[in-house]
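Here's protein_5.tsv, which has TSV, C-alpha atoms:
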chain	number	residue	atom	x	y	z
A	28	MET	CA	-13.78	45.32	20.81
A	29	PRO	CA	-12.83	44.36	17.27
A	30	GLY	CA	-15.25	41.94	15.67
A	31	GLY	CA	-18.15	43.12	17.85
A	32	ARG	CA	-18.58	39.74	19.55
A	33	SER	CA	-18.15	39.19	23.25
A	34	ARG	CA	-14.97	37.46	24.28
A	35	LEU	CA	-15.11	33.83	25.25
A	36	PRO	CA	-14.91	33.16	28.98
A	37	GLU	CA	-11.44	31.92	29.83
A	38	ARG	CA	-12.56	28.42	30.79
A	39	SER	CA	-14.46	28.06	27.52
A	40	ALA	CA	-11.36	29.15	25.61
A	41	LEU	CA	-9.32	26.53	27.48
A	42	VAL	CA	-11.83	23.82	26.59
A	43	LEU	CA	-11.79	24.87	22.94
A	44	MET	CA	-7.99	24.94	22.90
A	45	SER	CA	-7.91	21.41	24.22
A	46	LEU	CA	-10.53	20.19	21.76
A	47	ALA	CA	-8.68	21.87	18.89
A	48	GLY	CA	-6.11	19.09	19.33
A	49	GLY	CA	-8.71	16.37	18.88
A	50	GLU	CA	-11.93	15.12	20.42
A	51	LYS	CA	-11.83	14.32	24.13
A	52	HIS	CA	-14.10	13.25	26.97
A	53	GLY	CA	-14.40	15.11	30.28
A	54	TYR	CA	-11.58	13.45	32.16
A	55	ALA	CA	-9.11	13.85	29.28
A	56	LEU	CA	-10.12	17.52	28.95
A	57	ILE	CA	-9.43	18.19	32.63
A	58	LYS	CA	-6.07	16.47	32.52
A	59	GLU	CA	-4.89	18.19	29.36
A	60	ILE	CA	-6.00	21.65	30.53
A	61	GLU	CA	-4.14	21.00	33.77
A	62	SER	CA	-1.01	20.14	31.82
A	63	PHE	CA	-0.91	23.10	29.42
A	64	ALA	CA	-2.58	25.83	31.51
A	65	GLY	CA	-1.95	24.75	35.08
A	66	ILE	CA	-5.65	25.23	35.85
A	67	THR	CA	-7.80	22.45	37.27
A	68	LEU	CA	-11.40	22.60	36.14
A	69	GLY	CA	-13.85	20.76	38.35
A	70	PRO	CA	-16.61	18.59	36.91
A	71	GLY	CA	-19.31	21.20	37.46
A	72	THR	CA	-17.25	23.97	35.91
A	73	LEU	CA	-16.25	21.82	32.95
A	74	TYR	CA	-19.77	20.71	32.10
A	75	GLY	CA	-21.08	24.23	32.65
A	76	ALA	CA	-18.61	25.43	30.02
A	77	LEU	CA	-19.39	22.51	27.71
A	78	ALA	CA	-23.13	23.18	28.05
A	79	ARG	CA	-22.72	26.78	26.88
A	80	LEU	CA	-20.28	25.84	24.12
A	81	GLU	CA	-22.67	23.17	22.87
A	82	ARG	CA	-25.61	25.58	23.06
A	83	ASP	CA	-23.66	28.09	20.97
A	84	GLY	CA	-22.68	25.45	18.43
A	85	LEU	CA	-18.96	25.68	19.21
A	86	VAL	CA	-18.60	22.03	20.28
A	87	GLU	CA	-20.63	18.94	19.50
A	88	PRO	CA	-20.98	15.61	21.30
A	89	GLN	CA	-19.60	12.54	19.58
A	90	PRO	CA	-20.92	8.98	19.77
A	91	ALA	CA	-20.27	7.55	23.23
A	92	ASP	CA	-17.15	5.46	23.67
A	93	GLU	CA	-18.22	2.82	26.23
A	94	ARG	CA	-19.50	5.03	29.07
A	95	ARG	CA	-17.50	8.10	28.12
A	96	HIS	CA	-18.87	10.87	25.95
A	97	PRO	CA	-16.29	12.67	23.82
A	98	TYR	CA	-16.74	16.18	22.44
A	99	ALA	CA	-15.32	17.75	19.30
A	100	ILE	CA	-14.80	21.37	18.29
A	101	THR	CA	-16.94	22.60	15.39
A	102	ALA	CA	-15.86	24.84	12.50
A	103	GLU	CA	-17.59	27.75	14.23
A	104	GLY	CA	-15.74	26.85	17.42
A	105	ARG	CA	-12.39	27.00	15.62
A	106	LYS	CA	-13.34	30.38	14.17
A	107	ARG	CA	-14.34	31.78	17.56
A	108	LEU	CA	-11.21	30.39	19.18
A	109	HIS	CA	-9.07	31.96	16.46
A	110	GLU	CA	-10.74	35.33	17.04
A	111	HIS	CA	-10.31	35.00	20.79
A	112	LEU	CA	-6.64	34.07	20.60
A	113	SER	CA	-5.89	36.77	18.00
A	114	GLU	CA	-7.46	39.37	20.27
A	115	SER	CA	-5.55	38.04	23.25
A	116	ALA	CA	-2.31	38.15	21.26
A	117	ARG	CA	-3.04	41.72	20.15
A	118	LEU	CA	-3.65	42.80	23.73
A	119	ALA	CA	-0.55	40.96	24.93
A	120	ALA	CA	1.57	42.66	22.25
A	121	PHE	CA	0.16	46.04	23.23
A	122	GLY	CA	0.90	45.43	26.90
A	123	LEU	CA	4.40	44.18	26.23
A	124	GLU	CA	5.10	47.20	24.03
A	125	ARG	CA	3.90	49.49	26.79
A	126	ILE	CA	6.16	47.79	29.29
A	127	ALA	CA	9.13	48.14	26.95
A	128	ILE	CA	8.43	51.86	26.41
A	129	GLU	CA	7.99	52.51	30.12
A	130	GLY	CA	11.14	50.54	30.87
A	131	THR	CA	13.37	52.63	28.61
B	6	MET	CA	-18.61	10.02	47.04
B	7	SER	CA	-21.76	7.99	47.40
B	8	ASN	CA	-24.21	7.89	44.54
B	9	ARG	CA	-26.85	9.19	46.90
B	10	LEU	CA	-24.85	12.30	47.80
B	11	LEU	CA	-23.93	12.91	44.18
B	12	ARG	CA	-27.54	12.61	43.07
B	13	ALA	CA	-28.58	14.99	45.85
B	14	ILE	CA	-26.03	17.57	44.68
B	15	LEU	CA	-27.01	17.14	41.04
B	16	ALA	CA	-30.63	17.74	42.03
B	17	LEU	CA	-29.58	21.34	42.76
B	18	TYR	CA	-28.74	21.94	39.09
B	19	PRO	CA	-31.33	23.22	36.63
B	20	ARG	CA	-33.48	20.45	35.21
B	21	SER	CA	-32.30	20.95	31.62
B	22	PHE	CA	-28.66	20.65	32.73
B	23	ARG	CA	-29.44	17.54	34.77
B	24	ARG	CA	-31.23	15.81	31.95
B	25	ARG	CA	-28.42	16.43	29.52
B	26	TYR	CA	-25.26	16.14	31.62
B	27	ALA	CA	-25.99	14.44	34.97
B	28	ARG	CA	-24.89	11.02	33.76
B	29	GLU	CA	-21.66	12.39	32.30
B	30	VAL	CA	-20.88	14.39	35.44
B	31	GLN	CA	-21.43	11.26	37.55
B	32	ASP	CA	-19.03	9.29	35.37
B	33	LEU	CA	-16.46	12.08	35.48
B	34	VAL	CA	-16.65	12.34	39.28
B	35	LYS	CA	-16.05	8.58	39.51
B	36	ASP	CA	-13.02	8.91	37.22
B	37	LEU	CA	-11.62	11.82	39.24
B	38	GLU	CA	-12.13	9.97	42.51
B	39	ALA	CA	-10.48	6.88	41.11
B	40	SER	CA	-7.47	8.94	40.00
B	41	GLY	CA	-6.97	10.08	43.59
B	42	ASP	CA	-5.89	13.57	42.50
B	43	HIS	CA	-8.85	15.36	44.04
B	44	SER	CA	-10.28	15.12	47.53
B	45	ARG	CA	-13.92	14.35	48.08
B	46	SER	CA	-14.48	17.68	49.83
B	47	TRP	CA	-13.01	19.57	46.86
B	48	LEU	CA	-15.32	17.72	44.47
B	49	VAL	CA	-18.37	18.35	46.66
B	50	SER	CA	-17.66	22.06	47.09
B	51	GLU	CA	-16.88	22.49	43.39
B	52	LEU	CA	-20.14	20.82	42.41
B	53	LEU	CA	-22.11	22.93	44.90
B	54	VAL	CA	-20.61	26.22	43.71
B	55	SER	CA	-21.20	25.20	40.10
B	56	ALA	CA	-24.83	24.38	40.92
B	57	VAL	CA	-25.31	27.97	42.10
B	58	ALA	CA	-23.56	29.23	38.96
B	59	GLU	CA	-25.77	27.11	36.70
B	60	ARG	CA	-28.89	28.32	38.49
B	61	LEU	CA	-27.81	31.92	37.95
B	62	HIS	CA	-26.96	31.22	34.32
B	63	ALA	CA	-30.40	29.71	33.89
B	64	VAL	CA	-31.87	33.01	35.10
B	65	ARG	CA	-29.39	35.27	33.28
B	66	PRO	CA	-27.93	33.23	30.40
B	67	HIS	CA	-25.28	35.79	29.50
B	68	ALA	CA	-24.21	36.59	33.04
B	69	ARG	CA	-20.50	36.59	33.71
B	70	LEU	CA	-20.21	35.04	37.16
B	71	THR	CA	-17.41	36.21	39.33
B	72	ILE	CA	-16.14	35.03	42.66
B	73	PRO	CA	-17.59	38.10	44.47
B	74	THR	CA	-21.01	37.33	43.01
B	75	LEU	CA	-20.85	33.77	44.24
B	76	VAL	CA	-19.63	34.91	47.67
B	77	VAL	CA	-22.56	37.30	47.98
B	78	VAL	CA	-25.02	34.59	46.93
B	79	ALA	CA	-23.50	32.10	49.38
B	80	ALA	CA	-23.57	34.66	52.20
B	81	LEU	CA	-27.22	35.46	51.51
B	82	GLY	CA	-28.07	31.78	51.44
B	83	ALA	CA	-26.24	31.14	54.69
B	84	SER	CA	-27.95	34.11	56.33
B	85	ILE	CA	-31.40	32.97	55.24
B	86	GLY	CA	-30.67	29.38	56.23
B	87	SER	CA	-29.36	30.44	59.64
B	88	HIS	CA	-32.40	32.60	60.22
B	89	ARG	CA	-34.73	29.71	59.41
B	90	LEU	CA	-32.78	27.26	61.50
B	91	HIS	CA	-33.29	29.45	64.54
B	92	GLY	CA	-37.00	28.93	64.71
B	93	GLY	CA	-38.09	30.22	61.31
B	94	GLN	CA	-38.86	33.61	62.83
B	95	ARG	CA	-39.67	36.67	60.86
B	96	HIS	CA	-37.18	39.48	60.61
B	97	PRO	CA	-36.54	41.13	64.02
B	98	LEU	CA	-37.85	44.47	62.75
B	99	ALA	CA	-41.06	42.77	61.76
B	100	THR	CA	-41.48	40.97	65.08
B	101	ALA	CA	-40.74	44.13	67.09
B	102	SER	CA	-44.02	45.67	66.03
B	103	ALA	CA	-45.83	42.70	67.54
B	104	GLY	CA	-44.86	43.88	71.02
B	105	THR	CA	-41.86	41.78	72.09
B	106	TYR	CA	-38.36	41.19	70.88
B	107	PRO	CA	-37.04	38.61	70.60
B	108	PRO	CA	-40.31	36.72	70.26
B	109	PRO	CA	-40.81	33.88	72.73
B	110	THR	CA	-40.02	30.42	71.47
B	111	THR	CA	-41.34	27.12	72.71
B	112	LYS	CA	-38.20	25.13	72.04
B	113	PRO	CA	-38.21	22.32	74.61
B	114	SER	CA	-35.48	22.33	77.20
B	115	THR	CA	-35.32	18.80	78.54
B	116	ARG	CA	-32.38	19.57	80.78
B	117	LEU	CA	-34.24	22.07	82.88
B	118	GLY	CA	-37.61	20.43	82.46
B	119	THR	CA	-39.21	23.63	81.19
B	120	ALA	CA	-40.55	22.49	77.87
B	121	ASP	CA	-43.27	25.15	77.79
B	122	ALA	CA	-41.20	28.08	78.98
B	123	PRO	CA	-39.62	30.53	76.55
B	124	THR	CA	-35.95	29.80	75.94
B	125	SER	CA	-34.99	33.43	75.50
B	126	GLN	CA	-35.61	36.36	77.75
B	127	THR	CA	-38.66	38.28	76.68
B	128	ILE	CA	-38.26	42.04	76.62
B	129	PRO	CA	-41.54	43.92	76.36
B	130	LEU	CA	-41.60	46.82	73.93
B	131	PRO	CA	-44.10	49.66	74.01
B	132	ARG	CA	-46.98	49.31	71.60
B	133	ASN	CA	-45.74	52.34	69.68
B	134	ALA	CA	-41.98	51.90	69.62
B	135	ALA	CA	-41.47	54.90	67.33
B	136	ALA	CA	-43.17	57.24	69.80
B	137	ALA	CA	-41.06	55.86	72.65
B	138	ARG	CA	-37.89	56.80	70.73
B	139	GLY	CA	-39.11	60.37	70.34
B	140	VAL	CA	-39.84	60.07	66.63
B	141	PRO	CA	-42.73	62.38	65.70
B	142	PRO	CA	-45.74	60.53	64.33
B	143	LEU	CA	-46.50	60.67	60.62
B	144	PRO	CA	-49.30	63.04	59.57
B	145	PRO	CA	-52.62	61.32	58.94
B	146	PRO	CA	-53.08	60.12	55.37
B	147	THR	CA	-55.04	62.21	52.91
B	148	PRO	CA	-58.56	60.81	52.96
B	149	TYR	CA	-59.08	60.75	49.19
B	150	MET	CA	-56.76	60.36	46.24
B	151	THR	CA	-57.87	61.56	42.84
B	152	GLN	CA	-56.49	60.76	39.42
B	153	ASN	CA	-55.60	64.43	38.94
B	154	GLU	CA	-53.76	64.75	42.24
B	155	GLY	CA	-50.76	67.02	41.86
B	156	SER	CA	-52.04	68.78	38.75
B	157	ASN	CA	-52.99	72.44	38.71
B	158	SER	CA	-56.65	71.77	38.13
B	159	PRO	CA	-57.94	69.32	40.70
B	160	SER	CA	-61.18	67.71	39.83
B	161	GLN	CA	-64.20	68.89	41.73
Re-express the file's structure as structure tokens.
Amino acid sequence: MPGGRSRLPERSALVLMSLAGGEKHGYALIKEIESFAGITLGPGTLYGALARLERDGLVEPQPADERRHPYAITAEGRKRLHEHLSESARLAAFGLERIAIEGT
Amino acid sequence: MSNRLLRAILALYPRSFRRRYAREVQDLVKDLEASGDHSRSWLVSELLVSAVAERLHAVRPHARLTIPTLVVVAALGASIGSHRLHGGQRHPLATASAGTYPPPTTKPSTRLGTADAPTSQTIPLPRNAAAARGVPPLPPPTPYMTQNEGSNSPSQ
């Protein structure tokens, strides 16, 4: 694939998309992803994704707000998300073009 | 969900994950329960499936887990668990060579008052089950193996 890096798992991309709009804690992440993607991430799935994103330096924990722990996207995370979405858009455009050609 | 159950489920996760995220997962589960949008059974099953996924990720960090993978893992786990629950016996093929299948168990049967009697019917098998099925016996093993076995110039 272009860029030579593996694509982000879909749930990780969703978490990054949500964090691109500002730092959030777990509950806010789940609710926002539900609203814009229609996908409900469970607590285990969410923190599994956050663990890998944090390990890869794509998100970073912020100082705790009372008992909640917000996360923020890093510059590297924005870059990876941009690559991921660009590739997705390229594939979508290719698929749509194919459909249009086949439909004519 | 009780704290005890939640802690028990979190104990299934890899230690590094637990140390870093257990507290946050507990808080999130409380928030989700309080919101009333998710049933307790959904939360429990999601946490259990994720525990398996995290264990596999701990073994293969770059593994892409799919639903079929998790189904296979769950089926294997259920099979092993079921096998152990039924007396912790060895595999039937392994017990067959011991002379009987299924092997006698000493599970007490209070209803019939036969605590020492086997609870399953014991079917004797011949000592050499392969011979009884008409399978020719294997040739006797070569008495000595040398380092040059198979080469054109066997050592003398």
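Remark: for Arg45 of chain B, the closest of the candidate residues A:Pro90, A:Gly69, A:Gly75, A:Gly49 is A:Gly69 (distances computed over only C-alpha atoms).
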Please identify every residue of chain B that has at least one atom no more than 10 Å from any atom of chain A, counting only C-alpha atoms, and report them as a ChimeraX atom specification.
/B:15,18,22,25-37,40,43,47-56,58-59,62,66-67,69-70
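You will find atom CA of Leu61 of chain B at 23.2 Å from atom CA of Ile66 of chain A.
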Place N, CA and C atoms on segment 29-60 of chain A and deliver the coordinates as a short mmCIF file (atom, residue, chain, number, x, y, z; two decimals), in the coordinates of the input.
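File produced: part32.cif:
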data_model
loop_
_atom_site.label_atom_id
_atom_site.label_comp_id
_atom_site.auth_asym_id
_atom_site.auth_seq_id
_atom_site.Cartn_x
_atom_site.Cartn_y
_atom_site.Cartn_z
N PRO A 29 -12.78 44.71 18.67
CA PRO A 29 -12.83 44.36 17.27
C PRO A 29 -13.65 43.09 17.06
N GLY A 30 -14.44 43.12 15.96
CA GLY A 30 -15.25 41.94 15.67
C GLY A 30 -16.65 42.04 16.25
N GLY A 31 -16.83 42.86 17.31
CA GLY A 31 -18.15 43.12 17.85
C GLY A 31 -18.74 41.97 18.65
N ARG A 32 -18.03 40.85 18.78
CA ARG A 32 -18.58 39.74 19.55
C ARG A 32 -17.93 39.70 20.92
N SER A 33 -18.70 39.24 21.90
CA SER A 33 -18.15 39.19 23.25
C SER A 33 -17.05 38.14 23.30
N ARG A 34 -16.08 38.40 24.15
CA ARG A 34 -14.97 37.46 24.28
C ARG A 34 -15.45 36.18 24.96
N LEU A 35 -14.79 35.10 24.61
CA LEU A 35 -15.11 33.83 25.25
C LEU A 35 -14.66 33.89 26.71
N PRO A 36 -15.44 33.31 27.61
CA PRO A 36 -14.91 33.16 28.98
C PRO A 36 -13.64 32.32 28.94
N GLU A 37 -12.75 32.57 29.88
CA GLU A 37 -11.44 31.92 29.83
C GLU A 37 -11.55 30.39 29.87
N ARG A 38 -12.46 29.89 30.68
CA ARG A 38 -12.56 28.42 30.79
C ARG A 38 -13.07 27.83 29.48
N SER A 39 -13.97 28.55 28.80
CA SER A 39 -14.46 28.06 27.52
C SER A 39 -13.34 28.06 26.50
N ALA A 40 -12.50 29.10 26.54
CA ALA A 40 -11.36 29.15 25.61
C ALA A 40 -10.42 27.98 25.87
N LEU A 41 -10.21 27.66 27.15
CA LEU A 41 -9.32 26.53 27.48
C LEU A 41 -9.89 25.22 26.95
N VAL A 42 -11.19 25.05 27.08
CA VAL A 42 -11.83 23.82 26.59
C VAL A 42 -11.69 23.74 25.07
N LEU A 43 -11.92 24.87 24.40
CA LEU A 43 -11.79 24.87 22.94
C LEU A 43 -10.35 24.60 22.51
N MET A 44 -9.40 25.18 23.24
CA MET A 44 -7.99 24.94 22.90
C MET A 44 -7.66 23.46 23.01
N SER A 45 -8.19 22.84 24.05
CA SER A 45 -7.91 21.41 24.22
C SER A 45 -8.58 20.61 23.11
N LEU A 46 -9.82 20.95 22.79
CA LEU A 46 -10.53 20.19 21.76
C LEU A 46 -9.97 20.46 20.37
N ALA A 47 -9.29 21.58 20.20
CA ALA A 47 -8.68 21.87 18.89
C ALA A 47 -7.61 20.83 18.55
N GLY A 48 -7.10 20.15 19.57
CA GLY A 48 -6.11 19.09 19.33
C GLY A 48 -6.73 17.73 19.10
N GLY A 49 -8.04 17.65 19.11
CA GLY A 49 -8.71 16.37 18.88
C GLY A 49 -9.83 16.17 19.88
N GLU A 50 -10.78 15.31 19.54
CA GLU A 50 -11.93 15.12 20.42
C GLU A 50 -11.50 14.45 21.73
N LYS A 51 -12.18 14.84 22.80
CA LYS A 51 -11.83 14.32 24.13
C LYS A 51 -13.09 14.21 24.98
N HIS A 52 -13.04 13.32 25.97
CA HIS A 52 -14.10 13.25 26.97
C HIS A 52 -13.70 14.10 28.18
N GLY A 53 -14.60 14.19 29.16
CA GLY A 53 -14.40 15.11 30.28
C GLY A 53 -13.10 14.93 31.03
N TYR A 54 -12.79 13.69 31.36
CA TYR A 54 -11.58 13.45 32.16
C TYR A 54 -10.33 13.86 31.38
N ALA A 55 -10.28 13.50 30.10
CA ALA A 55 -9.11 13.85 29.28
C ALA A 55 -8.99 15.37 29.13
N LEU A 56 -10.14 16.05 29.04
CA LEU A 56 -10.12 17.52 28.95
C LEU A 56 -9.50 18.12 30.21
N ILE A 57 -9.95 17.65 31.36
CA ILE A 57 -9.43 18.19 32.63
C ILE A 57 -7.93 17.98 32.73
N LYS A 58 -7.49 16.79 32.39
CA LYS A 58 -6.07 16.47 32.52
C LYS A 58 -5.23 17.29 31.55
N GLU A 59 -5.71 17.45 30.32
CA GLU A 59 -4.89 18.19 29.36
C GLU A 59 -4.84 19.69 29.71
N ILE A 60 -5.97 20.23 30.15
CA ILE A 60 -6.00 21.65 30.53
C ILE A 60 -5.07 21.88 31.73
#
